[in-house]
Amino acid sequence: MNRAKTTNLLFQLTTFGAAILIVILIVGMLLTLLHESWPAVRRFGFFDFLLGRRWNYADNLYGAFRPLAGTVISTALALAAAVPVALGTALFLTELCPHRLRGIIGAAIELLAAIPSIIYGMWGLFALAPFLENHFQPLAAAGPGRLPLIGSFFQSQYAGGVNLFTASMVLAIMILPFITSITREAFKQVPPILKESSYGVGATRWETIWQVVLPCTKSTVAGGVIIAMGRALGETMAVAYVIGNRHGALDSIFSPYSTITSVMANEFNEAAGLQMSSLFTLALMLLAANFLVLSLAKYLLRPRI
Amino acid sequence: MDLMTVDKLNFFYGRHQALKSVNLPIRKNAITSLIGPSGCGKTTLLRCFNRMHDLYPGNRYEGRISLRDQNILSGDIDLISLRSRLGMVFQKPTPFPMSVFDNIAYGLRLRKVKNKNALAERVEKALKQAALWDEVKDRLGDNAAGLSGGQQQRLVIARTLAVEPEVILFDESTSALDPISTQKIEELMVELKKEVTIVAVTHNMQQAARVSDYTALMYLGELMEYGDTKSIFTRPKHKMTEEYVSGRFG
Ligand SMILES: Nc1ncnc2c1ncn2[C@@H]1O[C@H](COP(=O)(O)OP(=O)(O)OP(=O)(O)O)[C@@H](O)[C@H]1O
Ligand SMILES: [Mg+2]
């Protein structure tokens with residue numbers, strides 16, 4: 001064998017090894033999760049665990065319902081707050097913004113994406129939580145808080161501003177740059193002559209954006225929103241700082257609550273036995289949810305010719 | 001009769017002057033073609049007519065373009081209504097991401113035509129004018145992206161016609177089409193000039209000779225020669241015009 005052949009073979013083997021390593025890691029991780037979660041699933045049954053509304057160390061009974069609800073609600077609130085702002089920003093940057101300002105705002109958005117999540121958590125705890133408690137919660141209590149039946153969901157019984165709503169808003173700020181940059185790219189791809197055709201039959205800028213730009217980009221925008229959703233589902237440190245980690249029933253969006261990730265971050269250190277196994281089952285659920293969400297995003301963002 | 005007159009028009013992309021003192025009449029119910037080598041300013045001139053340049057910063061006009069004695073370059077012109085008086089068809093078809101029907105109804109709905117029957121009537125009329133009705137009448141609800149390139153281009157023409165423009169501006173609108181589709185659009189242009197005035201940019205000398213009544217040759221941002229098509233092609237005044245129309249130049 002000559003030297004060229006040897007190096008070639010060596011190169012093939014190392015790259016193949018690297019690729020195989022990734023597969024082994026994923027399979028290994030999945031096996032660990034399955035193995036560790038088995039005791040809890042065997043003890044409670046999968047569906048009883050999924051829908052169980054207790055998380056009780058004294059009786060050693062665990063169910064995923066409340067943290068799961070916390071994850072779903074905080075993600076939904078975060079998306080509800082972030083999507084309009086992100087779309088507005090992206091539209092402003094592509095369609096309306098003067099050139100000079102565009103660079104500054106664009107850089108600010110990229111910076112927002114570069115901030116580590118623990119910093120969001122600290123800022124959320126020390127700045128956003130008191131701000132929302134003092135300025136937003138009274139408004140909510142005076143507005144939707146007066147409604148019959150659902151009013152109490154907007155009243156706060158806990159002081160400190162550490163609650164499900166604050167966690168959702170921190171999440172919203174964290175996912176904002178992702179949605180903004182993906183949708184901005186999508187808006188940039190709309191051919192100018194398509195927009196000009198709309199102006200050409202007498203449309204205003206707003207009508208053109210609403211009826212041509214948005215429909216053209218809807219699947220990319222949806223893909224961006226879903227990627228952001230995946231991030232919000234899995235975000236841990238920032239949420240653990242500001243959600244309050246309470247296992248009680250959800251009586252208000254301004255009450256402390258928990259999410260899958262906050263429970264895992266808070267209890268993993270001291271957990272053992274069935275509690276530990278239950279945490280692993282939560283982890284497995286999170287993984288499954290994230291996998292589904294990312295597949296959906298991949299499908300929506302698939303390259304099209 | 002002249003529907004439009006271009007009078008000492010200068011146009012600037014920022015500092016770059018793309019049109020230099022252009023004078024040109026546009027005759028009513030006729031086809032005027034704009035020809036000239038690449039980069040000479042044909043598209044730029046066409047886009048002055050419906051003030052499309054105003055969408056982008058830094059562009060500037062000097063001089064005058066009159067449409068029925070109104071200076072459309074003046075600052076107080078309502079651009080939204082001006083643009084629907086001068087419809088535009090681009091090089092590539094630009095169907096909107098919606099059904100065939102909704103594409104045609106687009107401009108009408110913007111004008112608050114809400115009545116279903118009125119809308120359906122005007123969509124049908126526009127599609128018939130654009131010689132597309134027979135091909136799409138059974139698939140009005142289908143997405144317009146499913147039509148062929150030639151059909152899409154006629155769809156765009158129909159969409160423009162639906163809002164009853166006075167002028168239609170064509171910018172190399174057949175250059176991306178096959179010969180049969182091109183021929184259909186050419187026949188359509190000749191048919192349409194009974195009702196509208198047409199200005200068409202083309203690189204295809206045969207097309208200019210076949211369909212247009214008047215021809216303007218541009219060169220480096222200036223208007224070199226203008227006249228009725230026959231004399232431009234048979235007895236041009238300038239040597240350059242002769243070389244250009246006979247294909248020896250550009
Ligand atoms: N958006 C723009 N900004 C700056 N300069 C431009 C812009 N568009 C065109 N130009 C310049 O203006 C001149 C005229 O361009 P225009 O597009 O009108 O030419 P054209 O005759 O339509 O050419 P073609 O036959 O290739 O389409 C060219 O020198 C071109 O580089
Ligand atoms: Mg051009």
# chains A, B, ... in the order shown; residues from 1 in each chain; ligands from 1
$ residues_near_ligand --ligand "ligand 2" --cutoff "9 Å" --atoms "only C-alpha atoms and all ligand atoms" --output "PyMOL selection string"
chain B and resi 38-44+46+91+171-172+201-202
$ write_last_selection --atoms "C-alpha atoms" --output "mmCIF file, in the first residue's frame"
data_model
loop_
_atom_site.group_PDB
_atom_site.id
_atom_site.type_symbol
_atom_site.label_atom_id
_atom_site.label_comp_id
_atom_site.auth_asym_id
_atom_site.auth_seq_id
_atom_site.Cartn_x
_atom_site.Cartn_y
_atom_site.Cartn_z
ATOM 1 C CA SER B 38 -29.117 46.346 -21.935
ATOM 2 C CA GLY B 39 -28.724 48.980 -19.222
ATOM 3 C CA CYS B 40 -29.881 51.885 -21.383
ATOM 4 C CA GLY B 41 -32.744 52.777 -19.047
ATOM 5 C CA LYS B 42 -35.854 51.119 -20.493
ATOM 6 C CA THR B 43 -36.993 49.590 -17.224
ATOM 7 C CA THR B 44 -36.100 52.780 -15.400
ATOM 8 C CA LEU B 46 -41.190 52.367 -17.454
ATOM 9 C CA GLN B 91 -40.550 39.783 -16.939
ATOM 10 C CA ASP B 171 -41.355 44.913 -19.082
ATOM 11 C CA GLU B 172 -40.003 42.122 -21.308
ATOM 12 C CA VAL B 201 -40.097 47.065 -23.267
ATOM 13 C CA THR B 202 -38.642 44.354 -25.459
#
$ residues_near_ligand --ligand "ligand 1" --cutoff "12 Å" --atoms "only C-alpha atoms and all ligand atoms" --output "ChimeraX atom specification"
/A:192 /B:10-20,34-48,52-60,90-91,170-173,175,200-204,216-223,250
$ residues_around --residues "stretch 127-140 of chain B" --least-positions-apart "5" --cutoff "8 Å" --atoms "only C-alpha atoms" --output "list in words"
Ser99, Val100, Phe101, Ile104, Gln151, Arg154, Leu155, Ile157, Ala158, Leu161, Leu188 and Leu192 of chain B
$ write_last_selection --atoms "all heavy atoms" --output "mmCIF file, in the first residue's frame"
data_model
loop_
_atom_site.group_PDB
_atom_site.id
_atom_site.type_symbol
_atom_site.label_atom_id
_atom_site.label_comp_id
_atom_site.auth_asym_id
_atom_site.auth_seq_id
_atom_site.Cartn_x
_atom_site.Cartn_y
_atom_site.Cartn_z
ATOM 1 N N SER B 99 -55.839 31.558 -4.900
ATOM 2 C CA SER B 99 -56.502 30.910 -6.033
ATOM 3 C C SER B 99 -56.524 31.835 -7.253
ATOM 4 O O SER B 99 -56.283 33.037 -7.144
ATOM 5 C CB SER B 99 -57.932 30.539 -5.652
ATOM 6 O OG SER B 99 -58.717 31.703 -5.572
ATOM 7 N N VAL B 100 -56.837 31.225 -8.416
ATOM 8 C CA VAL B 100 -56.965 31.996 -9.657
ATOM 9 C C VAL B 100 -57.974 33.124 -9.458
ATOM 10 O O VAL B 100 -57.703 34.289 -9.749
ATOM 11 C CB VAL B 100 -57.414 31.067 -10.806
ATOM 12 C CG1 VAL B 100 -57.757 31.861 -12.048
ATOM 13 C CG2 VAL B 100 -56.322 30.038 -11.106
ATOM 14 N N PHE B 101 -59.130 32.763 -8.907
ATOM 15 C CA PHE B 101 -60.181 33.761 -8.700
ATOM 16 C C PHE B 101 -59.701 34.897 -7.798
ATOM 17 O O PHE B 101 -59.844 36.074 -8.127
ATOM 18 C CB PHE B 101 -61.415 33.089 -8.075
ATOM 19 C CG PHE B 101 -62.607 33.998 -7.966
ATOM 20 C CD1 PHE B 101 -63.572 34.031 -8.954
ATOM 21 C CD2 PHE B 101 -62.750 34.840 -6.865
ATOM 22 C CE1 PHE B 101 -64.664 34.878 -8.853
ATOM 23 C CE2 PHE B 101 -63.836 35.701 -6.763
ATOM 24 C CZ PHE B 101 -64.796 35.714 -7.760
ATOM 25 N N ILE B 104 -57.397 37.472 -9.395
ATOM 26 C CA ILE B 104 -58.046 38.485 -10.227
ATOM 27 C C ILE B 104 -58.852 39.442 -9.362
ATOM 28 O O ILE B 104 -58.903 40.647 -9.612
ATOM 29 C CB ILE B 104 -58.988 37.829 -11.269
ATOM 30 C CG1 ILE B 104 -58.287 36.680 -11.980
ATOM 31 C CG2 ILE B 104 -59.484 38.856 -12.280
ATOM 32 C CD1 ILE B 104 -57.103 37.060 -12.782
ATOM 33 N N GLN B 151 -49.806 30.850 -18.971
ATOM 34 C CA GLN B 151 -51.102 31.117 -18.341
ATOM 35 C C GLN B 151 -50.947 32.076 -17.167
ATOM 36 O O GLN B 151 -51.768 32.972 -16.970
ATOM 37 C CB GLN B 151 -51.734 29.808 -17.858
ATOM 38 C CG GLN B 151 -52.221 28.930 -18.996
ATOM 39 C CD GLN B 151 -52.658 27.558 -18.504
ATOM 40 O OE1 GLN B 151 -52.125 27.040 -17.525
ATOM 41 N NE2 GLN B 151 -53.619 26.960 -19.185
ATOM 42 N N ARG B 154 -50.711 35.548 -18.437
ATOM 43 C CA ARG B 154 -52.023 36.083 -18.808
ATOM 44 C C ARG B 154 -52.886 36.342 -17.579
ATOM 45 O O ARG B 154 -53.713 37.252 -17.561
ATOM 46 C CB ARG B 154 -52.729 35.151 -19.795
ATOM 47 C CG ARG B 154 -52.249 35.385 -21.246
ATOM 48 C CD ARG B 154 -52.862 34.442 -22.217
ATOM 49 N NE ARG B 154 -52.266 33.114 -22.103
ATOM 50 C CZ ARG B 154 -52.921 31.981 -22.303
ATOM 51 N NH1 ARG B 154 -54.197 32.000 -22.624
ATOM 52 N NH2 ARG B 154 -52.291 30.828 -22.181
ATOM 53 N N LEU B 155 -52.668 35.521 -16.538
ATOM 54 C CA LEU B 155 -53.371 35.757 -15.269
ATOM 55 C C LEU B 155 -52.990 37.133 -14.709
ATOM 56 O O LEU B 155 -53.841 37.901 -14.246
ATOM 57 C CB LEU B 155 -53.005 34.667 -14.266
ATOM 58 C CG LEU B 155 -53.591 34.830 -12.861
ATOM 59 C CD1 LEU B 155 -54.936 34.128 -12.767
ATOM 60 C CD2 LEU B 155 -52.661 34.272 -11.803
ATOM 61 N N ILE B 157 -51.934 39.634 -16.430
ATOM 62 C CA ILE B 157 -52.568 40.644 -17.278
ATOM 63 C C ILE B 157 -54.036 40.816 -16.891
ATOM 64 O O ILE B 157 -54.531 41.938 -16.746
ATOM 65 C CB ILE B 157 -52.419 40.271 -18.768
ATOM 66 C CG1 ILE B 157 -50.929 40.278 -19.158
ATOM 67 C CG2 ILE B 157 -53.207 41.229 -19.659
ATOM 68 C CD1 ILE B 157 -50.640 39.754 -20.551
ATOM 69 N N ALA B 158 -54.708 39.685 -16.657
ATOM 70 C CA ALA B 158 -56.117 39.756 -16.259
ATOM 71 C C ALA B 158 -56.267 40.474 -14.918
ATOM 72 O O ALA B 158 -57.181 41.281 -14.727
ATOM 73 C CB ALA B 158 -56.710 38.350 -16.166
ATOM 74 N N LEU B 161 -56.014 44.017 -15.643
ATOM 75 C CA LEU B 161 -57.189 44.531 -16.361
ATOM 76 C C LEU B 161 -58.395 44.678 -15.453
ATOM 77 O O LEU B 161 -59.235 45.552 -15.670
ATOM 78 C CB LEU B 161 -57.543 43.577 -17.515
ATOM 79 C CG LEU B 161 -56.611 43.621 -18.721
ATOM 80 C CD1 LEU B 161 -56.882 42.424 -19.632
ATOM 81 C CD2 LEU B 161 -56.807 44.927 -19.487
ATOM 82 N N LEU B 188 -52.781 39.154 -27.813
ATOM 83 C CA LEU B 188 -53.568 39.769 -26.751
ATOM 84 C C LEU B 188 -53.285 41.264 -26.669
ATOM 85 O O LEU B 188 -54.205 42.082 -26.543
ATOM 86 C CB LEU B 188 -53.210 39.076 -25.436
ATOM 87 C CG LEU B 188 -53.929 39.529 -24.186
ATOM 88 C CD1 LEU B 188 -55.420 39.357 -24.360
ATOM 89 C CD2 LEU B 188 -53.451 38.702 -23.000
ATOM 90 N N LEU B 192 -55.910 44.196 -26.970
ATOM 91 C CA LEU B 192 -56.167 45.059 -25.817
ATOM 92 C C LEU B 192 -56.038 46.539 -26.124
ATOM 93 O O LEU B 192 -56.606 47.370 -25.427
ATOM 94 C CB LEU B 192 -55.190 44.720 -24.679
ATOM 95 C CG LEU B 192 -55.487 43.443 -23.891
ATOM 96 C CD1 LEU B 192 -54.388 43.213 -22.876
ATOM 97 C CD2 LEU B 192 -56.843 43.552 -23.213
#
$ interface_residues --of "chain A" --to "chain B" --cutoff "8 Å" --atoms "only C-alpha atoms" --output "PDB file with all heavy atoms, in the first residue's frame"
ATOM      1  N   ILE A 193     -40.600  41.958  -7.136  1.00  0.00           N
ATOM      2  CA  ILE A 193     -41.630  42.160  -8.168  1.00  0.00           C
ATOM      3  C   ILE A 193     -42.988  41.617  -7.724  1.00  0.00           C
ATOM      4  O   ILE A 193     -44.014  42.071  -8.202  1.00  0.00           O
ATOM      5  CB  ILE A 193     -41.252  41.561  -9.553  1.00  0.00           C
ATOM      6  CG1 ILE A 193     -40.921  40.102  -9.474  1.00  0.00           C
ATOM      7  CG2 ILE A 193     -40.126  42.342 -10.183  1.00  0.00           C
ATOM      8  CD1 ILE A 193     -40.792  39.470 -10.867  1.00  0.00           C
ATOM      9  N   LEU A 194     -42.983  40.671  -6.774  1.00  0.00           N
ATOM     10  CA  LEU A 194     -44.266  40.176  -6.274  1.00  0.00           C
ATOM     11  C   LEU A 194     -44.949  41.276  -5.462  1.00  0.00           C
ATOM     12  O   LEU A 194     -46.148  41.531  -5.598  1.00  0.00           O
ATOM     13  CB  LEU A 194     -44.038  38.929  -5.409  1.00  0.00           C
ATOM     14  CG  LEU A 194     -45.264  38.063  -5.204  1.00  0.00           C
ATOM     15  CD1 LEU A 194     -45.769  37.544  -6.533  1.00  0.00           C
ATOM     16  CD2 LEU A 194     -44.956  36.916  -4.279  1.00  0.00           C
ATOM     17  N   GLU A 196     -44.262  44.451  -5.763  1.00  0.00           N
ATOM     18  CA  GLU A 196     -44.576  45.548  -6.678  1.00  0.00           C
ATOM     19  C   GLU A 196     -45.863  45.257  -7.456  1.00  0.00           C
ATOM     20  O   GLU A 196     -46.614  46.166  -7.778  1.00  0.00           O
ATOM     21  CB  GLU A 196     -43.402  45.786  -7.637  1.00  0.00           C
ATOM     22  CG  GLU A 196     -42.226  46.435  -6.937  1.00  0.00           C
ATOM     23  CD  GLU A 196     -40.978  46.479  -7.797  1.00  0.00           C
ATOM     24  OE1 GLU A 196     -41.049  46.103  -8.979  1.00  0.00           O
ATOM     25  OE2 GLU A 196     -39.921  46.890  -7.277  1.00  0.00           O
ATOM     26  N   SER A 197     -46.102  43.961  -7.757  1.00  0.00           N
ATOM     27  CA  SER A 197     -47.347  43.612  -8.445  1.00  0.00           C
ATOM     28  C   SER A 197     -48.543  43.978  -7.598  1.00  0.00           C
ATOM     29  O   SER A 197     -49.588  44.358  -8.118  1.00  0.00           O
ATOM     30  CB  SER A 197     -47.404  42.112  -8.732  1.00  0.00           C
ATOM     31  OG  SER A 197     -46.373  41.744  -9.578  1.00  0.00           O
ATOM     32  N   TYR A 199     -48.576  46.418  -5.237  1.00  0.00           N
ATOM     33  CA  TYR A 199     -48.688  47.885  -5.306  1.00  0.00           C
ATOM     34  C   TYR A 199     -49.279  48.301  -6.639  1.00  0.00           C
ATOM     35  O   TYR A 199     -50.023  49.265  -6.732  1.00  0.00           O
ATOM     36  CB  TYR A 199     -47.317  48.540  -5.146  1.00  0.00           C
ATOM     37  CG  TYR A 199     -46.695  48.325  -3.784  1.00  0.00           C
ATOM     38  CD1 TYR A 199     -45.469  47.691  -3.635  1.00  0.00           C
ATOM     39  CD2 TYR A 199     -47.350  48.760  -2.642  1.00  0.00           C
ATOM     40  CE1 TYR A 199     -44.907  47.494  -2.393  1.00  0.00           C
ATOM     41  CE2 TYR A 199     -46.797  48.568  -1.390  1.00  0.00           C
ATOM     42  CZ  TYR A 199     -45.564  47.934  -1.271  1.00  0.00           C
ATOM     43  OH  TYR A 199     -45.025  47.747  -0.046  1.00  0.00           O
ATOM     44  N   GLY A 200     -48.941  47.535  -7.687  1.00  0.00           N
ATOM     45  CA  GLY A 200     -49.352  47.869  -9.046  1.00  0.00           C
ATOM     46  C   GLY A 200     -50.850  47.802  -9.264  1.00  0.00           C
ATOM     47  O   GLY A 200     -51.354  48.393 -10.209  1.00  0.00           O
ATOM     48  N   VAL A 201     -51.587  47.055  -8.459  1.00  0.00           N
ATOM     49  CA  VAL A 201     -53.042  47.078  -8.608  1.00  0.00           C
ATOM     50  C   VAL A 201     -53.673  47.911  -7.503  1.00  0.00           C
ATOM     51  O   VAL A 201     -54.851  47.775  -7.209  1.00  0.00           O
ATOM     52  CB  VAL A 201     -53.667  45.665  -8.666  1.00  0.00           C
ATOM     53  CG1 VAL A 201     -53.350  45.005  -9.988  1.00  0.00           C
ATOM     54  CG2 VAL A 201     -53.200  44.806  -7.507  1.00  0.00           C
ATOM     55  N   GLY A 202     -52.866  48.758  -6.894  1.00  0.00           N
ATOM     56  CA  GLY A 202     -53.440  49.739  -5.978  1.00  0.00           C
ATOM     57  C   GLY A 202     -53.485  49.318  -4.525  1.00  0.00           C
ATOM     58  O   GLY A 202     -54.352  49.748  -3.774  1.00  0.00           O
ATOM     59  N   ALA A 203     -52.550  48.456  -4.104  1.00  0.00           N
ATOM     60  CA  ALA A 203     -52.528  48.067  -2.695  1.00  0.00           C
ATOM     61  C   ALA A 203     -51.631  49.018  -1.906  1.00  0.00           C
ATOM     62  O   ALA A 203     -50.685  49.584  -2.436  1.00  0.00           O
ATOM     63  CB  ALA A 203     -52.009  46.648  -2.547  1.00  0.00           C
ATOM     64  N   THR A 204     -51.945  49.180  -0.632  1.00  0.00           N
ATOM     65  CA  THR A 204     -51.065  49.940   0.242  1.00  0.00           C
ATOM     66  C   THR A 204     -49.982  49.001   0.764  1.00  0.00           C
ATOM     67  O   THR A 204     -50.016  47.799   0.517  1.00  0.00           O
ATOM     68  CB  THR A 204     -51.836  50.484   1.458  1.00  0.00           C
ATOM     69  OG1 THR A 204     -52.374  49.364   2.159  1.00  0.00           O
ATOM     70  CG2 THR A 204     -52.958  51.400   1.035  1.00  0.00           C
ATOM     71  N   VAL A 212     -49.878  39.472   0.735  1.00  0.00           N
ATOM     72  CA  VAL A 212     -48.911  38.823  -0.150  1.00  0.00           C
ATOM     73  C   VAL A 212     -47.678  38.332   0.627  1.00  0.00           C
ATOM     74  O   VAL A 212     -47.334  37.161   0.570  1.00  0.00           O
ATOM     75  CB  VAL A 212     -48.479  39.768  -1.300  1.00  0.00           C
ATOM     76  CG1 VAL A 212     -47.398  39.112  -2.136  1.00  0.00           C
ATOM     77  CG2 VAL A 212     -49.682  40.109  -2.160  1.00  0.00           C
ATOM     78  N   PRO A 215     -48.751  35.512   3.465  1.00  0.00           N
ATOM     79  CA  PRO A 215     -49.112  34.205   2.894  1.00  0.00           C
ATOM     80  C   PRO A 215     -47.943  33.500   2.202  1.00  0.00           C
ATOM     81  O   PRO A 215     -47.834  32.287   2.257  1.00  0.00           O
ATOM     82  CB  PRO A 215     -50.212  34.545   1.887  1.00  0.00           C
ATOM     83  CG  PRO A 215     -50.783  35.828   2.346  1.00  0.00           C
ATOM     84  CD  PRO A 215     -49.658  36.575   3.007  1.00  0.00           C
ATOM     85  N   CYS A 216     -47.051  34.269   1.562  1.00  0.00           N
ATOM     86  CA  CYS A 216     -45.905  33.666   0.874  1.00  0.00           C
ATOM     87  C   CYS A 216     -44.957  32.994   1.848  1.00  0.00           C
ATOM     88  O   CYS A 216     -44.201  32.108   1.473  1.00  0.00           O
ATOM     89  CB  CYS A 216     -45.089  34.726   0.148  1.00  0.00           C
ATOM     90  SG  CYS A 216     -45.696  35.114  -1.440  1.00  0.00           S
TER      91      CYS A 216
END
$ closest_residue --among "B:Lys237, B:Ala145, B:Asn29, B:Ala120" --to "B:Met189" --atoms "only C-alpha atoms"
B:Asn29
$ atom_distance --atom1 "atom CA of A:Ala81" --atom2 "atom CA of A:Ile150"
20.0 Å
$ residues_around --residues "B:Leu67" --least-positions-apart "5" --cutoff "12 Å" --atoms "only C-alpha atoms" --output "number ranges by chain"
B: 1-7, 25-28, 49-50, 72-74, 77, 82, 85-86, 166-167, 197
$ write_last_selection --atoms "N, CA, C and O atoms" --output "mmCIF file, in the first residue's frame"
data_model
loop_
_atom_site.group_PDB
_atom_site.id
_atom_site.type_symbol
_atom_site.label_atom_id
_atom_site.label_comp_id
_atom_site.auth_asym_id
_atom_site.auth_seq_id
_atom_site.Cartn_x
_atom_site.Cartn_y
_atom_site.Cartn_z
ATOM 1 N N MET B 1 -53.858 60.916 -30.662
ATOM 2 C CA MET B 1 -53.835 61.736 -29.447
ATOM 3 C C MET B 1 -52.815 61.186 -28.462
ATOM 4 O O MET B 1 -52.650 59.983 -28.342
ATOM 5 N N ASP B 2 -52.128 62.090 -27.772
ATOM 6 C CA ASP B 2 -51.163 61.623 -26.771
ATOM 7 C C ASP B 2 -51.838 61.478 -25.418
ATOM 8 O O ASP B 2 -52.392 62.432 -24.893
ATOM 9 N N LEU B 3 -51.777 60.277 -24.890
ATOM 10 C CA LEU B 3 -52.314 60.080 -23.542
ATOM 11 C C LEU B 3 -51.298 60.578 -22.512
ATOM 12 O O LEU B 3 -51.663 61.139 -21.489
ATOM 13 N N MET B 4 -50.028 60.337 -22.820
ATOM 14 C CA MET B 4 -48.974 60.757 -21.888
ATOM 15 C C MET B 4 -47.898 61.509 -22.664
ATOM 16 O O MET B 4 -47.676 61.246 -23.837
ATOM 17 N N THR B 5 -47.226 62.426 -21.978
ATOM 18 C CA THR B 5 -46.034 63.046 -22.557
ATOM 19 C C THR B 5 -44.937 63.085 -21.506
ATOM 20 O O THR B 5 -45.179 63.489 -20.375
ATOM 21 N N VAL B 6 -43.779 62.645 -21.955
ATOM 22 C CA VAL B 6 -42.620 62.720 -21.076
ATOM 23 C C VAL B 6 -41.834 63.951 -21.518
ATOM 24 O O VAL B 6 -41.537 64.116 -22.694
ATOM 25 N N ASP B 7 -41.518 64.809 -20.549
ATOM 26 C CA ASP B 7 -40.954 66.102 -20.890
ATOM 27 C C ASP B 7 -39.677 66.353 -20.098
ATOM 28 O O ASP B 7 -39.714 66.504 -18.888
ATOM 29 N N PRO B 25 -43.654 61.070 -26.505
ATOM 30 C CA PRO B 25 -45.113 61.002 -26.384
ATOM 31 C C PRO B 25 -45.577 59.551 -26.305
ATOM 32 O O PRO B 25 -44.912 58.668 -26.850
ATOM 33 N N ILE B 26 -46.653 59.304 -25.590
ATOM 34 C CA ILE B 26 -47.259 57.969 -25.594
ATOM 35 C C ILE B 26 -48.664 58.126 -26.168
ATOM 36 O O ILE B 26 -49.533 58.756 -25.556
ATOM 37 N N ARG B 27 -48.857 57.549 -27.357
ATOM 38 C CA ARG B 27 -50.149 57.722 -28.029
ATOM 39 C C ARG B 27 -51.212 56.801 -27.422
ATOM 40 O O ARG B 27 -50.934 55.660 -27.089
ATOM 41 N N LYS B 28 -52.423 57.363 -27.372
ATOM 42 C CA LYS B 28 -53.534 56.631 -26.779
ATOM 43 C C LYS B 28 -53.946 55.471 -27.695
ATOM 44 O O LYS B 28 -53.890 55.578 -28.915
ATOM 45 N N PHE B 49 -43.259 55.770 -14.938
ATOM 46 C CA PHE B 49 -44.647 56.008 -15.320
ATOM 47 C C PHE B 49 -45.619 55.683 -14.189
ATOM 48 O O PHE B 49 -46.662 56.305 -14.081
ATOM 49 N N ASN B 50 -45.300 54.660 -13.388
ATOM 50 C CA ASN B 50 -46.216 54.384 -12.266
ATOM 51 C C ASN B 50 -45.550 54.673 -10.919
ATOM 52 O O ASN B 50 -46.000 54.184 -9.894
ATOM 53 N N ILE B 72 -47.845 63.677 -13.266
ATOM 54 C CA ILE B 72 -47.833 62.575 -12.303
ATOM 55 C C ILE B 72 -46.559 62.566 -11.467
ATOM 56 O O ILE B 72 -46.436 61.778 -10.541
ATOM 57 N N LEU B 73 -45.609 63.434 -11.764
ATOM 58 C CA LEU B 73 -44.409 63.503 -10.923
ATOM 59 C C LEU B 73 -44.589 64.489 -9.773
ATOM 60 O O LEU B 73 -43.711 64.610 -8.920
ATOM 61 N N SER B 74 -45.735 65.170 -9.746
ATOM 62 C CA SER B 74 -45.889 66.165 -8.689
ATOM 63 C C SER B 74 -46.080 65.465 -7.346
ATOM 64 O O SER B 74 -46.516 64.324 -7.268
ATOM 65 N N ILE B 77 -49.567 63.773 -5.877
ATOM 66 C CA ILE B 77 -50.269 62.672 -6.564
ATOM 67 C C ILE B 77 -50.525 61.524 -5.586
ATOM 68 O O ILE B 77 -49.663 61.190 -4.768
ATOM 69 N N LEU B 82 -52.741 56.144 -8.622
ATOM 70 C CA LEU B 82 -51.957 56.263 -9.860
ATOM 71 C C LEU B 82 -51.522 54.876 -10.348
ATOM 72 O O LEU B 82 -51.636 54.544 -11.522
ATOM 73 N N ARG B 85 -54.000 52.990 -12.155
ATOM 74 C CA ARG B 85 -54.324 53.507 -13.492
ATOM 75 C C ARG B 85 -53.298 53.031 -14.513
ATOM 76 O O ARG B 85 -53.563 53.033 -15.712
ATOM 77 N N LEU B 86 -52.087 52.711 -14.044
ATOM 78 C CA LEU B 86 -51.053 52.212 -14.947
ATOM 79 C C LEU B 86 -50.596 50.841 -14.464
ATOM 80 O O LEU B 86 -49.709 50.732 -13.618
ATOM 81 N N GLU B 166 -55.726 52.575 -17.404
ATOM 82 C CA GLU B 166 -55.697 53.288 -18.679
ATOM 83 C C GLU B 166 -54.504 52.843 -19.514
ATOM 84 O O GLU B 166 -54.521 52.913 -20.731
ATOM 85 N N VAL B 167 -53.447 52.438 -18.792
ATOM 86 C CA VAL B 167 -52.203 52.074 -19.459
ATOM 87 C C VAL B 167 -51.731 50.745 -18.878
ATOM 88 O O VAL B 167 -51.898 50.498 -17.687
ATOM 89 N N THR B 197 -53.941 51.724 -23.372
ATOM 90 C CA THR B 197 -52.721 52.152 -24.037
ATOM 91 C C THR B 197 -51.590 51.276 -23.518
ATOM 92 O O THR B 197 -51.568 50.942 -22.337
#
$ closest_residue --among "A:Met29, A:Leu176, A:Met264, A:Met237" --to "A:Ala108" --atoms "only C-alpha atoms"
A:Leu176
$ select_by_dssp --residues "stretch 147-208 of chain A" --states "alpha helix (DSSP H)" --output "MDAnalysis selection string"
chainID A and resid 164:189 192:200 205:208
